[in-house]
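Listing of data_34.tsv; format and content: TSV, C-alpha atoms.
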```tsv
chain	number	residue	atom	x	y	z
A	1	MET	CA	0.00	0.00	0.00
A	2	ARG	CA	1.24	3.49	-0.76
A	3	ARG	CA	-0.11	7.00	-0.63
A	4	ARG	CA	-0.03	9.52	-3.48
A	5	ARG	CA	-0.82	13.15	-3.00
A	6	GLY	CA	-2.17	15.32	-5.78
A	7	PHE	CA	-0.47	15.59	-9.13
A	8	PRO	CA	1.23	18.42	-11.01
A	9	PRO	CA	-0.31	20.02	-14.11
A	10	ALA	CA	1.87	17.90	-16.38
A	11	VAL	CA	0.01	14.82	-15.22
A	12	VAL	CA	-3.30	16.17	-16.54
A	13	GLY	CA	-2.32	14.80	-19.92
A	14	GLU	CA	-1.85	11.40	-18.34
A	15	VAL	CA	-5.40	11.58	-16.95
A	16	VAL	CA	-6.81	12.22	-20.39
A	17	GLY	CA	-4.61	9.53	-21.88
A	18	ALA	CA	-5.77	7.04	-19.30
A	19	LEU	CA	-9.38	7.90	-19.98
A	20	PHE	CA	-8.97	7.41	-23.69
A	21	ALA	CA	-7.49	3.99	-22.97
A	22	VAL	CA	-10.56	2.89	-21.03
A	23	VAL	CA	-13.02	0.85	-23.05
A	24	ALA	CA	-15.74	0.61	-20.44
A	25	LEU	CA	-15.29	3.53	-18.12
A	26	PHE	CA	-18.58	3.08	-16.35
A	27	ALA	CA	-18.54	-0.74	-16.28
A	28	VAL	CA	-18.50	-1.39	-12.58
A	29	VAL	CA	-17.45	-4.80	-11.39
A	30	ALA	CA	-18.79	-4.80	-7.83
A	31	PRO	CA	-21.14	-7.64	-6.87
A	32	ILE	CA	-23.88	-6.52	-5.13
A	33	GLY	CA	-23.77	-4.15	-5.38
A	34	GLY	CA	-44.71	1.65	9.77
A	35	ALA	CA	-47.75	-0.13	9.71
A	36	ASP	CA	-46.69	-2.17	6.72
A	37	ALA	CA	-43.35	-3.17	8.28
A	38	GLY	CA	-42.73	-6.87	8.44
A	39	ALA	CA	-45.54	-7.83	6.06
A	40	ALA	CA	-44.11	-10.93	4.41
A	41	VAL	CA	-44.60	-11.58	0.69
A	42	LYS	CA	-43.66	-14.36	-1.65
A	43	GLN	CA	-40.22	-14.51	-3.20
A	44	GLY	CA	-40.20	-12.89	-6.62
A	45	ASP	CA	-41.56	-9.75	-8.17
A	46	ASP	CA	-44.42	-9.34	-5.66
A	47	LEU	CA	-42.03	-7.55	-3.35
A	48	TYR	CA	-40.98	-4.99	-5.95
A	49	SER	CA	-44.44	-3.69	-6.91
A	50	PRO	CA	-45.56	-0.94	-4.53
A	51	PRO	CA	-49.19	-0.91	-3.37
A	52	ALA	CA	-51.67	0.85	-5.62
A	53	ASN	CA	-52.28	4.39	-4.38
A	54	MET	CA	-49.41	3.96	-1.91
A	55	ALA	CA	-49.86	6.26	1.06
A	56	LYS	CA	-47.01	8.72	1.57
A	57	LYS	CA	-44.82	7.78	4.51
A	58	ALA	CA	-41.56	9.05	5.96
A	59	PRO	CA	-38.43	8.05	4.01
A	60	GLY	CA	-37.14	4.69	5.22
A	61	THR	CA	-40.56	3.43	6.32
A	62	LEU	CA	-40.87	-0.23	5.43
A	63	ILE	CA	-43.50	-1.29	2.92
A	64	ARG	CA	-42.77	-5.01	2.67
A	65	THR	CA	-40.16	-7.53	3.74
A	66	THR	CA	-39.44	-11.14	2.94
A	67	PRO	CA	-36.76	-13.39	4.47
A	68	ILE	CA	-34.01	-14.69	2.18
A	69	ALA	CA	-31.01	-16.99	2.51
A	70	PRO	CA	-28.50	-15.30	4.85
A	71	PRO	CA	-24.73	-15.43	5.12
A	72	SER	CA	-23.30	-17.56	7.93
A	73	GLY	CA	-24.17	-16.25	11.37
A	74	ALA	CA	-26.83	-13.85	10.14
A	75	LYS	CA	-30.46	-13.32	9.19
A	76	ALA	CA	-31.42	-11.54	5.95
A	77	TRP	CA	-34.41	-9.97	4.22
A	78	LYS	CA	-35.32	-8.34	0.99
A	79	VAL	CA	-37.04	-5.07	1.79
A	80	LEU	CA	-39.17	-2.49	0.03
A	81	TYR	CA	-39.11	0.95	1.62
A	82	HIS	CA	-40.23	4.52	1.09
A	83	SER	CA	-37.77	7.02	-0.32
A	84	ARG	CA	-37.90	10.33	-2.21
A	85	SER	CA	-37.03	11.14	-5.80
A	86	ILE	CA	-35.08	14.33	-6.38
A	87	ASP	CA	-38.31	16.14	-7.21
A	88	GLY	CA	-39.74	15.13	-3.82
A	89	LYS	CA	-42.11	12.35	-4.90
A	90	ASP	CA	-42.66	9.43	-2.54
A	91	ILE	CA	-41.22	6.34	-4.24
A	92	ALA	CA	-40.60	2.70	-3.34
A	93	VAL	CA	-37.01	1.43	-3.36
A	94	SER	CA	-35.89	-2.17	-2.84
A	95	GLY	CA	-32.81	-3.65	-1.21
A	96	VAL	CA	-31.41	-6.16	1.24
A	97	VAL	CA	-30.83	-6.03	5.00
A	98	VAL	CA	-28.52	-8.46	6.81
A	99	VAL	CA	-28.51	-8.70	10.62
A	100	PRO	CA	-26.18	-10.62	12.97
A	101	ARG	CA	-27.81	-13.35	15.02
A	102	GLY	CA	-28.03	-12.91	18.77
A	103	ALA	CA	-28.92	-10.04	21.03
A	104	ALA	CA	-27.94	-6.51	20.05
A	105	PRO	CA	-25.63	-4.61	22.41
A	106	LYS	CA	-26.85	-1.74	24.54
A	107	GLY	CA	-27.22	1.28	22.28
A	108	GLY	CA	-27.88	-0.86	19.23
A	109	ARG	CA	-25.78	-2.15	16.35
A	110	PRO	CA	-24.04	0.21	13.92
A	111	VAL	CA	-25.47	0.14	10.39
A	112	VAL	CA	-23.30	-0.10	7.29
A	113	THR	CA	-25.27	1.05	4.25
A	114	TRP	CA	-23.76	-0.06	0.93
A	115	GLY	CA	-23.92	1.49	-2.56
A	116	HIS	CA	-23.35	-1.00	-5.38
A	117	GLY	CA	-21.57	-0.53	-8.69
A	118	THR	CA	-23.15	-0.34	-12.14
A	119	THR	CA	-25.48	-3.17	-13.07
A	120	GLY	CA	-27.68	-1.37	-15.59
A	121	LEU	CA	-30.90	0.65	-15.58
A	122	ALA	CA	-33.57	-2.04	-16.05
A	123	ASP	CA	-35.53	-3.71	-13.26
A	124	GLN	CA	-33.96	-7.13	-13.76
A	125	CYS	CA	-30.54	-5.59	-13.04
A	126	ALA	CA	-31.36	-4.96	-9.36
A	127	PRO	CA	-28.68	-6.63	-7.19
A	128	SER	CA	-31.31	-7.94	-4.78
A	129	LYS	CA	-32.68	-10.10	-7.61
A	130	GLN	CA	-29.44	-12.08	-7.78
A	131	ILE	CA	-29.28	-15.58	-6.35
A	132	ASP	CA	-27.95	-15.45	-2.77
A	133	ALA	CA	-28.21	-11.67	-2.91
A	134	ALA	CA	-27.42	-11.19	0.78
A	135	SER	CA	-24.18	-13.17	0.59
A	136	GLN	CA	-23.01	-11.19	-2.44
A	137	VAL	CA	-22.88	-7.83	-0.69
A	138	PRO	CA	-19.15	-7.04	-0.46
A	139	LEU	CA	-17.56	-7.51	2.99
A	140	VAL	CA	-20.88	-8.72	4.40
A	141	GLU	CA	-19.39	-11.59	6.40
A	142	GLN	CA	-16.66	-9.41	7.89
A	143	LEU	CA	-19.19	-6.72	8.77
A	144	VAL	CA	-21.63	-9.17	10.34
A	145	ASP	CA	-18.75	-10.68	12.33
A	146	ALA	CA	-17.96	-7.16	13.54
A	147	GLY	CA	-21.54	-6.88	14.83
A	148	TYR	CA	-22.92	-4.52	12.18
A	149	VAL	CA	-26.27	-4.47	10.42
A	150	VAL	CA	-25.72	-4.27	6.66
A	151	ALA	CA	-28.19	-2.50	4.33
A	152	ALA	CA	-27.73	-2.66	0.56
A	153	THR	CA	-30.03	-0.57	-1.62
A	154	ASP	CA	-30.88	-1.36	-5.24
A	155	TYR	CA	-31.24	2.42	-5.89
A	156	GLU	CA	-34.30	4.19	-7.26
A	157	GLY	CA	-35.79	2.48	-10.32
A	158	LEU	CA	-33.86	-0.79	-10.11
A	159	GLY	CA	-36.41	-3.54	-9.47
A	160	THR	CA	-39.10	-0.96	-8.76
A	161	PRO	CA	-41.13	1.23	-11.17
A	162	GLY	CA	-39.38	3.86	-13.23
A	163	VAL	CA	-35.98	4.12	-14.89
A	164	HIS	CA	-32.92	4.15	-12.63
A	165	PRO	CA	-31.37	7.66	-12.51
A	166	TYR	CA	-27.89	6.35	-13.26
A	167	LEU	CA	-25.06	8.55	-11.92
A	168	VAL	CA	-27.50	11.07	-10.42
A	169	GLY	CA	-25.76	11.49	-7.09
A	170	GLU	CA	-28.62	12.88	-5.03
A	171	SER	CA	-30.98	10.07	-6.06
A	172	GLU	CA	-28.35	7.47	-5.18
A	173	GLY	CA	-27.45	9.15	-1.91
A	174	ARG	CA	-31.08	9.30	-0.78
A	175	SER	CA	-31.57	5.60	-1.58
A	176	VAL	CA	-28.47	4.73	0.46
A	177	LEU	CA	-29.52	6.79	3.49
A	178	ASP	CA	-33.09	5.50	3.37
A	179	ALA	CA	-31.80	1.92	3.30
A	180	ALA	CA	-30.14	2.66	6.65
A	181	ARG	CA	-33.44	4.03	7.92
A	182	ALA	CA	-35.23	0.89	6.68
A	183	ALA	CA	-32.71	-1.30	8.48
A	184	ARG	CA	-33.40	0.59	11.71
A	185	ALA	CA	-37.15	0.13	11.18
A	186	LEU	CA	-36.86	-3.62	10.63
A	187	SER	CA	-38.19	-5.48	13.64
A	188	GLY	CA	-35.44	-7.35	15.45
A	189	SER	CA	-32.55	-5.69	13.63
A	190	GLY	CA	-31.28	-4.03	16.80
A	191	ALA	CA	-29.93	-1.20	14.64
A	192	GLY	CA	-28.80	1.94	16.45
A	193	ASP	CA	-28.13	5.53	15.38
A	194	GLN	CA	-24.53	5.11	14.20
A	195	VAL	CA	-24.24	4.74	10.44
A	196	LEU	CA	-21.27	4.02	8.19
A	197	VAL	CA	-21.65	4.56	4.45
A	198	ALA	CA	-19.66	2.61	1.87
A	199	GLY	CA	-19.68	1.98	-1.87
A	200	HIS	CA	-17.63	1.07	-4.94
A	201	SER	CA	-17.36	2.92	-8.28
A	202	GLN	CA	-20.90	4.15	-9.04
A	203	GLY	CA	-21.51	3.18	-5.42
A	204	GLY	CA	-18.52	5.28	-4.43
A	205	GLN	CA	-20.33	8.25	-5.93
A	206	SER	CA	-23.49	7.29	-4.03
A	207	ALA	CA	-21.55	6.96	-0.76
A	208	LEU	CA	-19.94	10.37	-1.17
A	209	PHE	CA	-23.33	11.94	-1.89
A	210	ALA	CA	-24.93	10.18	1.07
A	211	GLY	CA	-22.31	11.75	3.33
A	212	GLU	CA	-22.89	15.18	1.83
A	213	LEU	CA	-26.68	14.91	2.14
A	214	ALA	CA	-27.00	13.26	5.55
A	215	SER	CA	-27.12	16.35	7.77
A	216	THR	CA	-30.07	17.84	5.89
A	217	TYR	CA	-31.83	14.79	4.42
A	218	ALA	CA	-31.43	12.33	7.31
A	219	PRO	CA	-30.33	14.37	10.34
A	220	GLU	CA	-31.39	11.66	12.81
A	221	LEU	CA	-28.66	9.37	11.47
A	222	ASP	CA	-25.26	9.71	13.12
A	223	VAL	CA	-23.05	9.21	10.06
A	224	VAL	CA	-19.61	8.59	11.53
A	225	GLY	CA	-17.69	7.73	8.36
A	226	VAL	CA	-17.84	7.30	4.59
A	227	THR	CA	-15.78	4.83	2.56
A	228	ALA	CA	-15.52	5.21	-1.22
A	229	ALA	CA	-13.64	2.66	-3.32
A	230	ALA	CA	-12.53	3.83	-6.79
A	231	PRO	CA	-15.42	6.31	-6.88
A	232	VAL	CA	-16.99	7.86	-9.96
A	233	ALA	CA	-16.50	11.23	-8.30
A	234	ASP	CA	-16.23	13.67	-11.23
A	235	VAL	CA	-19.16	13.00	-13.58
A	236	GLU	CA	-18.70	16.46	-15.08
A	237	HIS	CA	-15.47	15.47	-16.78
A	238	ILE	CA	-15.78	11.69	-16.99
A	239	LEU	CA	-18.93	11.64	-19.13
A	240	PRO	CA	-17.70	13.76	-22.06
A	241	LEU	CA	-14.34	11.99	-22.12
A	242	ALA	CA	-15.92	8.55	-21.93
A	243	ALA	CA	-18.03	9.39	-24.96
A	244	SER	CA	-14.78	9.73	-26.91
A	245	VAL	CA	-13.67	6.19	-26.08
A	246	ASP	CA	-14.41	3.59	-28.73
A	247	GLY	CA	-16.46	0.78	-27.22
A	248	ALA	CA	-18.03	2.83	-24.42
A	249	ALA	CA	-21.10	3.92	-26.39
A	250	GLY	CA	-23.48	1.80	-24.32
A	251	TYR	CA	-22.34	3.38	-21.06
A	252	THR	CA	-22.67	6.85	-22.52
A	253	ALA	CA	-26.25	5.99	-23.49
A	254	MET	CA	-26.97	4.68	-19.97
A	255	ALA	CA	-25.68	7.91	-18.43
A	256	ILE	CA	-27.72	10.10	-20.78
A	257	GLN	CA	-30.86	8.04	-20.16
A	258	GLY	CA	-30.21	8.03	-16.40
A	259	PHE	CA	-30.06	11.81	-16.34
A	260	HIS	CA	-33.21	12.03	-18.44
A	261	ALA	CA	-35.01	9.83	-15.88
A	262	ALA	CA	-34.20	12.34	-13.15
A	263	TYR	CA	-34.37	15.51	-15.22
A	264	PRO	CA	-37.08	15.24	-17.92
A	265	ASP	CA	-35.86	18.43	-19.61
A	266	ALA	CA	-32.47	16.77	-20.23
A	267	ASP	CA	-33.67	15.38	-23.56
A	268	PRO	CA	-31.44	12.61	-24.97
A	269	ALA	CA	-32.22	13.94	-28.46
A	270	SER	CA	-30.33	17.12	-27.59
A	271	VAL	CA	-27.14	15.14	-26.92
A	272	LEU	CA	-27.23	11.77	-28.71
A	273	ALA	CA	-26.83	11.40	-32.45
A	274	PRO	CA	-30.01	10.07	-34.14
A	275	ASP	CA	-28.73	6.51	-34.63
A	276	ALA	CA	-27.51	6.32	-31.04
A	277	GLU	CA	-30.80	7.72	-29.74
A	278	ALA	CA	-32.69	5.07	-31.68
A	279	LYS	CA	-30.59	2.38	-30.00
A	280	SER	CA	-30.73	3.93	-26.56
A	281	GLU	CA	-33.97	2.21	-25.52
A	282	ALA	CA	-31.75	-0.79	-24.81
A	283	ALA	CA	-30.14	1.23	-22.04
A	284	THR	CA	-33.43	1.33	-20.14
A	285	THR	CA	-34.59	-2.23	-20.78
A	286	GLN	CA	-31.41	-4.33	-20.50
A	287	CYS	CA	-28.52	-4.80	-18.09
A	288	ALA	CA	-25.07	-3.34	-18.63
A	289	GLY	CA	-23.51	-6.20	-20.58
A	290	ASP	CA	-26.43	-6.42	-22.99
A	291	VAL	CA	-26.41	-2.66	-23.47
A	292	MET	CA	-22.79	-2.86	-24.53
A	293	ASP	CA	-23.68	-5.61	-26.99
A	294	ALA	CA	-26.53	-3.50	-28.39
A	295	PHE	CA	-24.07	-0.69	-29.10
A	296	ARG	CA	-21.27	-2.89	-30.37
A	297	GLY	CA	-19.86	-1.48	-33.59
A	298	VAL	CA	-21.21	2.03	-32.98
A	299	SER	CA	-18.24	4.36	-33.19
A	300	ALA	CA	-17.71	6.95	-30.50
A	301	ALA	CA	-18.01	9.68	-33.11
A	302	ALA	CA	-21.53	8.48	-33.92
A	303	VAL	CA	-22.75	8.62	-30.31
A	304	LEU	CA	-22.93	12.30	-29.43
A	305	ALA	CA	-24.52	14.98	-31.57
A	306	HIS	CA	-23.24	17.62	-29.13
A	307	ASP	CA	-20.64	17.82	-26.38
A	308	PRO	CA	-22.65	17.68	-23.12
A	309	LEU	CA	-20.51	20.48	-21.70
A	310	SER	CA	-21.57	22.75	-24.58
A	311	ILE	CA	-25.17	22.69	-23.29
A	312	PRO	CA	-25.26	25.01	-20.25
A	313	SER	CA	-28.18	23.30	-18.50
A	314	LEU	CA	-26.64	19.84	-18.86
A	315	ARG	CA	-23.19	21.10	-17.90
A	316	GLN	CA	-24.71	22.44	-14.67
A	317	LEU	CA	-26.41	19.11	-13.95
A	318	LEU	CA	-23.16	17.22	-14.47
A	319	HIS	CA	-21.42	19.62	-12.09
A	320	GLU	CA	-24.15	19.21	-9.46
A	321	ASN	CA	-23.80	15.43	-9.66
A	322	SER	CA	-20.05	15.46	-9.14
A	323	ALA	CA	-18.93	14.85	-5.56
A	324	GLY	CA	-16.98	17.32	-3.48
A	325	ASN	CA	-18.95	20.49	-4.16
A	326	ARG	CA	-20.26	20.42	-0.56
A	327	PRO	CA	-18.67	19.39	2.74
A	328	ALA	CA	-18.19	15.62	3.00
A	329	GLY	CA	-20.32	15.48	6.14
A	330	ALA	CA	-18.12	12.85	7.82
A	331	PRO	CA	-14.52	11.58	7.72
A	332	LEU	CA	-13.67	9.92	4.41
A	333	LEU	CA	-11.71	6.76	3.65
A	334	VAL	CA	-10.94	6.63	-0.08
A	335	VAL	CA	-9.28	3.49	-1.47
A	336	GLN	CA	-7.89	3.07	-4.97
A	337	GLY	CA	-6.00	0.41	-6.92
A	338	THR	CA	-2.91	1.52	-8.82
A	339	ALA	CA	-3.72	-0.88	-11.68
A	340	ASP	CA	-7.31	0.35	-12.10
A	341	THR	CA	-8.01	1.09	-15.78
A	342	THR	CA	-11.73	1.73	-15.26
A	343	ILE	CA	-11.33	4.61	-12.81
A	344	PRO	CA	-7.65	5.51	-13.26
A	345	GLN	CA	-5.81	6.50	-10.12
A	346	ALA	CA	-5.20	10.02	-11.40
A	347	LEU	CA	-8.94	10.71	-11.24
A	348	THR	CA	-9.16	9.62	-7.60
A	349	ASP	CA	-5.98	11.58	-6.84
A	350	ALA	CA	-7.77	14.65	-8.21
A	351	PHE	CA	-10.80	14.09	-5.99
A	352	ASP	CA	-8.53	13.63	-2.97
A	353	THR	CA	-6.83	16.94	-3.72
A	354	LYS	CA	-10.21	18.68	-4.11
A	355	ALA	CA	-11.61	17.24	-0.86
A	356	CYS	CA	-8.49	18.09	1.11
A	357	ALA	CA	-8.48	21.64	-0.24
A	358	ALA	CA	-12.09	22.00	0.91
A	359	GLY	CA	-11.10	21.06	4.47
A	360	ASP	CA	-12.56	17.54	4.57
A	361	THR	CA	-10.88	14.85	6.66
A	362	VAL	CA	-9.61	12.35	4.08
A	363	ASP	CA	-7.65	9.14	4.61
A	364	TYR	CA	-6.58	8.22	1.05
A	365	ARG	CA	-4.96	4.83	0.53
A	366	THR	CA	-3.71	3.23	-2.67
A	367	TYR	CA	-3.02	-0.46	-3.24
A	368	ASP	CA	-0.21	-1.52	-5.55
A	369	GLY	CA	-1.38	-3.80	-8.35
A	370	ALA	CA	-5.06	-3.71	-7.35
A	371	THR	CA	-7.54	-3.36	-10.21
A	372	HIS	CA	-10.99	-1.84	-10.25
A	373	GLY	CA	-12.52	-5.12	-9.20
A	374	SER	CA	-9.84	-6.38	-6.81
A	375	VAL	CA	-9.42	-3.21	-4.75
A	376	ILE	CA	-12.28	-4.22	-2.45
A	377	ALA	CA	-10.52	-7.43	-1.44
A	378	ALA	CA	-7.16	-5.67	-1.24
A	379	ALA	CA	-8.52	-3.00	1.11
A	380	GLN	CA	-11.02	-5.06	3.12
A	381	ASP	CA	-9.01	-5.41	6.33
A	382	ASP	CA	-8.15	-1.70	6.30
A	383	VAL	CA	-11.76	-0.75	5.61
A	384	VAL	CA	-13.18	-2.85	8.45
A	385	ALA	CA	-10.51	-1.62	10.88
A	386	TRP	CA	-11.19	2.01	9.88
A	387	MET	CA	-14.91	1.49	10.44
A	388	LYS	CA	-14.34	-0.02	13.87
A	389	ASP	CA	-12.29	3.04	14.84
A	390	ARG	CA	-15.07	5.39	13.71
A	391	VAL	CA	-17.65	3.45	15.73
A	392	ALA	CA	-15.32	3.58	18.74
A	393	GLY	CA	-15.08	7.36	18.43
A	394	LYS	CA	-11.36	7.49	17.73
A	395	PRO	CA	-10.08	10.60	15.93
A	396	ALA	CA	-10.16	10.05	12.18
A	397	PRO	CA	-6.73	10.00	10.53
A	398	THR	CA	-5.98	12.24	7.56
A	399	THR	CA	-3.47	12.04	4.75
A	400	CYS	CA	-4.16	15.64	3.69
A	401	SER	CA	-1.16	17.89	3.92
```
Any chance you could put this one into structure tokens?
Amino acid sequence: MRRRRGFPPAVVGEVVGALFAVVALFAVVAPIGGADAGAAVKQGDDLYSPPANMAKKAPGTLIRTTPIAPPSGAKAWKVLYHSRSIDGKDIAVSGVVVVPRGAAPKGGRPVVTWGHGTTGLADQCAPSKQIDAASQVPLVEQLVDAGYVVAATDYEGLGTPGVHPYLVGESEGRSVLDAARAARALSGSGAGDQVLVAGHSQGGQSALFAGELASTYAPELDVVGVTAAAPVADVEHILPLAASVDGAAGYTAMAIQGFHAAYPDADPASVLAPDAEAKSEAATTQCAGDVMDAFRGVSAAAVLAHDPLSIPSLRQLLHENSAGNRPAGAPLLVVQGTADTTIPQALTDAFDTKACAAGDTVDYRTYDGATHGSVIAAAQDDVVAWMKDRVAGKPAPTTCS
């Protein structure tokens, strides 16, 4: 493991070069990734369909739950819970909650709420629909062994009605925070007020946004730390550059469609070339791998009719959905593999520099030879130890200088 501080201006060219070498910049490898509380339903799609004329309830209120196969030493449920879209509408969001067996300690168990990486925009891409979904949440066994409740959201629109607002940070952050609320509402979870937020790649973006939003959106949660692994932190610059990479057309279409889902005025026709727009329905009906197949052979030059940054309204939305424009809200642990070609290290270095300059408490750790997918395993012991220290109230370390 080694630590790199920010980089000089000469390295900016290396950032661009690395981005142009990435074939699938947004292809994230992470496995998953009230009165209605406790109402059991059958396995399958019954859980994901919210009640007709669903009554508005506080975010995090449980709608339905159903038990599923747990990891060793735990109990697990699929859950459907209330959340809020960015325009304030009451929506249903699905996910998974895993709880250690045995009695909870006095004061309750800490909650780790997890943001998964890219799976796609369509309902069948929801991580909770995977076989053994609870056991596939990263670090779940280590976290259960540490005595934590683990909540893993599917995000808005994955599994549930509507199109997933892919890379819309506020939507993701709300889903992550409301999953923690749902875990606390689950009967027998023993969940307390302390919350740790974690995520990988797209989920790294969601974790960073959850930390930024927590004090205003979920002030009752005591968010004591945020961990982001290889985060998609700077959407503002990643999206236009990714569109220039041959082979990444499907991910560009997913991002454009994800923004359109959250911001109806962000019309894909104003950005995508006509042929790419015609193909882009696949981005909302299929999972990530199939979307890439649907766009195979479409050159990067044929994807965009206009540079997104040339459209002021879209440029502003991309800026608003990049992390680090507000205080982090809690100490940060950022982990990054040096061999990552999906989110190159230089991008995470840049976020670290930005967060440190803003006065956030950042512990930034790099792992020699770790790739985008393997960084979670490489960092797992450090991540769990860092979380335990935050729960214990120890001062958070910083690598900012």
(Q) If I take atom CA of A:His237 and atom CA of A:Thr216, how far is one from the other in Å, to one decimal? (A) 27.1 Å
Q | Among listed residues A:Ala278, A:Ala255, A:Leu221, A:Ala233, nearest A:Gly120 (using all atoms listed in the file) | A |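 When distances to A:Gly120 are compared using all atoms listed in the file, the smallest one comes from A:Ala255.
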**Q.** Top pick for closest residue to A:Gly258, considering A:Ala191, A:Leu121, A:Val271, A:Val149 and counting all atoms listed in the file
**A.**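 Smallest separation from A:Gly258 among the options: A:Leu121.
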Q | Residue neighbourhood A:Thr153, 8 Å, all atoms listed in the file, exclusion window fewer than 2 positions, as number ranges by chain | A | A: 93-96, 113-116, 151, 155, 175-176, 179
Report the closest atom pair, with its distance in Å rounded to one decimal, for each residue of stretch 159-212 of chain A that has an atom no farther than 10 Å from stretch 284-296 of chain A; count only C-alpha atoms, sort by chain and then rising residue number, and write it as CSV.
```
residue,atom,partner,partner_atom,distance
A:Gly162,CA,A:Thr284,CA,9.5
A:Val163,CA,A:Thr284,CA,6.5
A:His164,CA,A:Thr284,CA,8.0
```
Q. A:Phe209: which residues within 6 Å, counting only C-alpha atoms, same-chain residues fewer than 3 positions away excluded, as a list in words?
A.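 What passes the distance filter is Gly169, Gly173, Ser206 and Glu212 of chain A.
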Q: Point out the residue among A:Gln345, A:Thr353, A:Leu196, A:His372 with the least atom-to-atom distance to A:Asp389, counting only C-alpha atoms.
A: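 Nearest to A:Asp389: A:Leu196.
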(Q) Can you measure atom CA of A:Leu304 to atom CA of A:Ala273 for me? One decimal in Å is fine. (A)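 Rounded to one decimal, the two atoms are 5.0 Å apart.
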